[in-house]
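Visitor: The structure under discussion is supplied below as C-alpha cells; questions concerning it will follow.
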Amino acid sequence: MVLSAAALAGCGDDTTATTATTASTATTASTETSASTTDAGVTESTAPEAGSTTTLPAERYKIGVVTYDPTDLSQAAIFKYLNEYLGPELNVEFVISQAIVDSNDEFSFYENCAAQGAKGILNLYTASDWRMVFQKMQELEMYFILPQSPMPDDEIEFAADNPYIVGGIGTSGDYEGFKQMTQSFLDAGARSLVVASGGKDFGVQMFIDRFQGVQDAVAEFKAANPGVEIQVTDFGGFPNDPAFFATQGQMIASNPDAVIATFSGDYLWVQPLKEAGKAGQIMLGTYTSMNEVSAAATKDGTLNFLVATYPEQIAPAVALLYNHMSGNGSDFRADGKAVSVEQPLVTWQSPDDADKWMALLNAEEPPYSGEDLRAVIKAFNPAATLEDLVALAEACTYEDIVARRGK
C-alpha cells in the first residue's frame with residue numbers, strides 16, 4: 001500500500017522492503033560514529049511553526065545507517081547532510097556502516113548499533129532477506145525504515161504485527177526512470193545499447209526493475225518501428241570484481257550508441273569515456289545523486305540522462321523514524337501498519353536542468369530544512385500528523401522546493 005497525502009485516511013507506522021546495490025570495496029562491517037552533535041541536554045532551536053516546541057528534546061537519539069559503500073559519491077553526500085546538518089538540527093547522532101558485503105556484515109552492524117544504544121536504522125542497502133532483517137529489528141528493539149524506496153505491500157503485510165518496521169519513503173524510479181531514459185536514447189537515434197546491469201543476475205530487485213525498464217522501452221520502440229534492429233549488450237557485476245573494468249573497456253571499445261549504467265555512472269563511466277575519446281559520442285545515462293560531478297558531465301555533454309536523487313531527499317524518512325523512536329509511532333502508522341510513500345520521479349536531461357538544480361541544492365537553506373522536519377515530528381510539534389509528513393515527503397520536486405522556500 002503506497003500512501004499519498006490525498007489518499008491518507010489514517011495514521012500508520014511501518015514495514016519495509018527495497019533493494020539496494022551489491023557491495024563495492026571494503027569487507028568490514030565495523031561502524032563509525034560520524035555525527036558530533038551535543039551531549040544530552042536542551043539545545044535552543046527555532047520553532048518551525050506556531051504550537052511547536054522551541055527546544056530540542058533532551059534525549060539525543062542514535063541512528064544506524066546501512067550502506068553498500070560509504071565512499072560512493074551519492075552515499076557520501078547523504079552522510080554529509082545527515083552528520084553536518086540534520087544531526088545538529090534534531091539532536092541525532094548517526095552511525096555509518098562500512099561497506100556491507102554480505103549478510104554476516106549486515107547483521108554484525110545491527111548488533112553493533114544496538115550495543116551502542118541506537119534506536120533506529122536507515123537502510124540504504126541490504127545483503128539479506130528482508131524478513132530476516134525485520135525479525136532482527138524486533139529482537140534488537142530498533143526501528144527500521146527504507147529511506148530511498150517505498151515498501152512493497154507484501155512486506156508491509158508480513159510485518160503488520162511488528163511495531164519496529166516503520167516503512168519506506170522514496171521514488172519508484174527504478175523501472176520508469178530507466179524506461180524513460182531508454183526511450184530518450186532510442187528517439188535520439190541509438191540502435192546499439194550497452195547496459196551495465198549491476199546486481200540483476202544476483203537477484204537484486206532494483207537492478208531487475210531497471211533492466212526491465214530498458215527491455216520494455218526497446219520492445220515498444222521496435223513494435224512502433226517495424227524493421228528497426230536494436231542491439232542490447234548486458235554485462236553485470238560491480239567494481240569489486242576484477243573483471244569489471246576490463247569488460248567496461250571492451251564495451252566502450254565496441255563503440256555503442258549509448259551506455260546505460262544502472263548505478264554510479266558519474267563515478268564509473270564519465271572519466272573512462274573521456275579517456276577513450278568517446279565523451280559526447282556515446283550517449284550516457286545513469287541513476288545517481290545530483291552532485292558536482294554529474295552536473296559538470298551534463299554540462300560538457302558526457303552525461304545525457306540522469307535518473308536523480310538528491311541527498312536531502314532522505315529527510316522525511318528520518319522524520320518518520322524519529323516519530324517512532326520518540327514514542328509517537330502509533331500516530332504514524334497506516335491502518336496500524338507500516339507506511340509506504342512514493343515520491344515523484346526526478347530527472348535531469350540538459351545543462352539547464354543541472355544548473356537550476358545545483359543552484360537550488362547549493363542554496364543556504366537545504367531542500368528539506370530542520371524547520372521543515374520539526375513541523376512533522378510530534379516531539380517538536382504536538383499537532384504534527386502523518387498526513388503532514390506524507391505531504392512533505394511528496395513535495396520533493398524542483399517546483400515544490402521553490403514554492404516551499406517562497407522564491
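Simple scheme: letters A, B, ... for chains in C-alpha cells order, numbers from 1 for residues in each chain, numbers from 1 for ligands in the order shown.
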Taking only C-alpha atoms into account, produce a table as JSON lines in which each residue of range 110-148 of chain A with an atom at most 9 Å from an atom of range 87-100 of chain A appears once, together with its shortest atom pair and the distance in Å to one decimal, ordered by chain and rising number.
Guide:
```
{"residue": "A:Cys113", "atom": "CA", "partner": "A:Val95", "partner_atom": "CA", "distance": 7.4}
{"residue": "A:Ala118", "atom": "CA", "partner": "A:Val95", "partner_atom": "CA", "distance": 8.3}
{"residue": "A:Tyr125", "atom": "CA", "partner": "A:Ile100", "partner_atom": "CA", "distance": 8.0}
{"residue": "A:Thr126", "atom": "CA", "partner": "A:Ile100", "partner_atom": "CA", "distance": 7.8}
{"residue": "A:Ala127", "atom": "CA", "partner": "A:Ile100", "partner_atom": "CA", "distance": 7.3}
```
Visitor: Quick one, how far is CA of Leu86 in chain A from CA of Gly336 in chain A?
Guide: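 Answer for the CA of Leu86 in chain A to CA of Gly336 in chain A separation: 28.0 Å.
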Visitor: Expressed in Å to a single decimal, how great is the separation between CA of Ala319 in chain A and CA of Asp69 in chain A?
Guide: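 A separation of 23.8 Å between them.
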Visitor: So how far away is CA of Tyr175 in chain A from CA of Asn304 in chain A, in Å?
Guide: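 Answer for the CA of Asn304 in chain A to CA of Tyr175 in chain A separation: 18.1 Å.
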Visitor: Range 114-169 of chain A: which residues are strand (DSSP E) by DSSP, as a list in words?
Guide: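 For range 114-169 of chain A, the strand (DSSP E) set is Gly120, Ile121, Leu122, Asn123, Tyr143, Phe144, Ile145, Leu146, Ile165, Val166, Gly167, Gly168 and Ile169 of chain A.
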Visitor: Go ahead and dump the residues you just picked, C-alpha atoms, as a compact mmCIF listing (two decimals), in the first residue's frame.
Guide:
```txt
# COMPACT_ATOMS: atom_id res chain seq x y z
CA GLY A 120 16.72 3.32 14.66
CA ILE A 121 18.10 2.06 11.34
CA LEU A 122 18.13 3.88 8.00
CA ASN A 123 18.65 1.10 5.49
CA TYR A 143 13.03 0.87 14.43
CA PHE A 144 13.72 0.29 10.74
CA ILE A 145 12.95 2.33 7.63
CA LEU A 146 13.79 2.26 3.94
CA ILE A 165 9.14 -1.83 10.97
CA VAL A 166 8.39 1.79 10.14
CA GLY A 167 8.07 1.64 6.35
CA GLY A 168 9.65 3.17 3.28
CA ILE A 169 9.78 6.57 1.59
```
Visitor: Ranking A:Ala253, A:Leu373, A:Ile314, A:Ala359 by minimum distance to Lys80 in chain A and counting only C-alpha atoms, which one comes first?
Guide: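 Ranked by minimum distance to Lys80 in chain A, first place goes to A:Ile314.
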Visitor: Considering only C-alpha atoms, give me a table of residues in range 244-359 of chain A that are at most 10 Å from range 208-225 of chain A, with the closest atom pair and distance in Å for each, as a Markdown table.
Guide:
```
| residue | atom | partner | partner_atom | distance |
| --- | --- | --- | --- | --- |
| A:Ile260 | CA | A:Val214 | CA | 8.6 |
| A:Ala261 | CA | A:Arg210 | CA | 9.7 |
| A:Thr262 | CA | A:Arg210 | CA | 6.7 |
| A:Phe263 | CA | A:Arg210 | CA | 9.8 |
| A:Tyr287 | CA | A:Arg210 | CA | 9.5 |
```
Visitor: Generate the output file for the selected residues, C-alpha atoms, as a short mmCIF file (atom, residue, chain, number, x, y, z; two decimals), in the first residue's frame.
Guide:
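Saved the output as selection.cif:
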```cif
data_model
loop_
_atom_site.label_atom_id
_atom_site.label_comp_id
_atom_site.auth_asym_id
_atom_site.auth_seq_id
_atom_site.Cartn_x
_atom_site.Cartn_y
_atom_site.Cartn_z
CA ILE A 260 23.01 2.79 -19.74
CA ALA A 261 24.66 2.49 -16.32
CA THR A 262 22.22 1.24 -13.71
CA PHE A 263 24.43 2.61 -10.93
CA TYR A 287 21.00 6.59 -11.78
#
```
Visitor: Would you mind telling me which residue in A:Ser172, A:Ser264, A:Asn362, A:Asn162 lies nearest to Thr71 in chain A when using only C-alpha atoms?
Guide: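 Smallest separation from Thr71 in chain A among the options: A:Ser264.
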Visitor: Write out as a ChimeraX atom specification all residues of range 20-244 of chain A that DSSP puts in helix (DSSP H, G or I) for this structure's backbone.
Guide: /A:73-90,103-115,130-140,153-158,173-187,200-202,205-224,243-244
Visitor: Given the choices A:Ala279, A:Glu394, A:His324, A:Asp300, which gets closest to Asp352 in chain A if the distance is worked out from only C-alpha atoms?
Guide: A:Asp300
Visitor: Determine the nearest neighbour of Leu306 in chain A from the options A:Val270, A:Met181, A:Val402, A:Val376, counting only C-alpha atoms.
Guide: A:Met181
Visitor: Pick out the closest residue to Arg405 in chain A from this set: A:Phe305, A:Tyr368, A:Tyr61, A:Phe134. Count only C-alpha atoms.
Guide: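 Once distances to Arg405 in chain A are computed over only C-alpha atoms, the minimum belongs to A:Tyr368.
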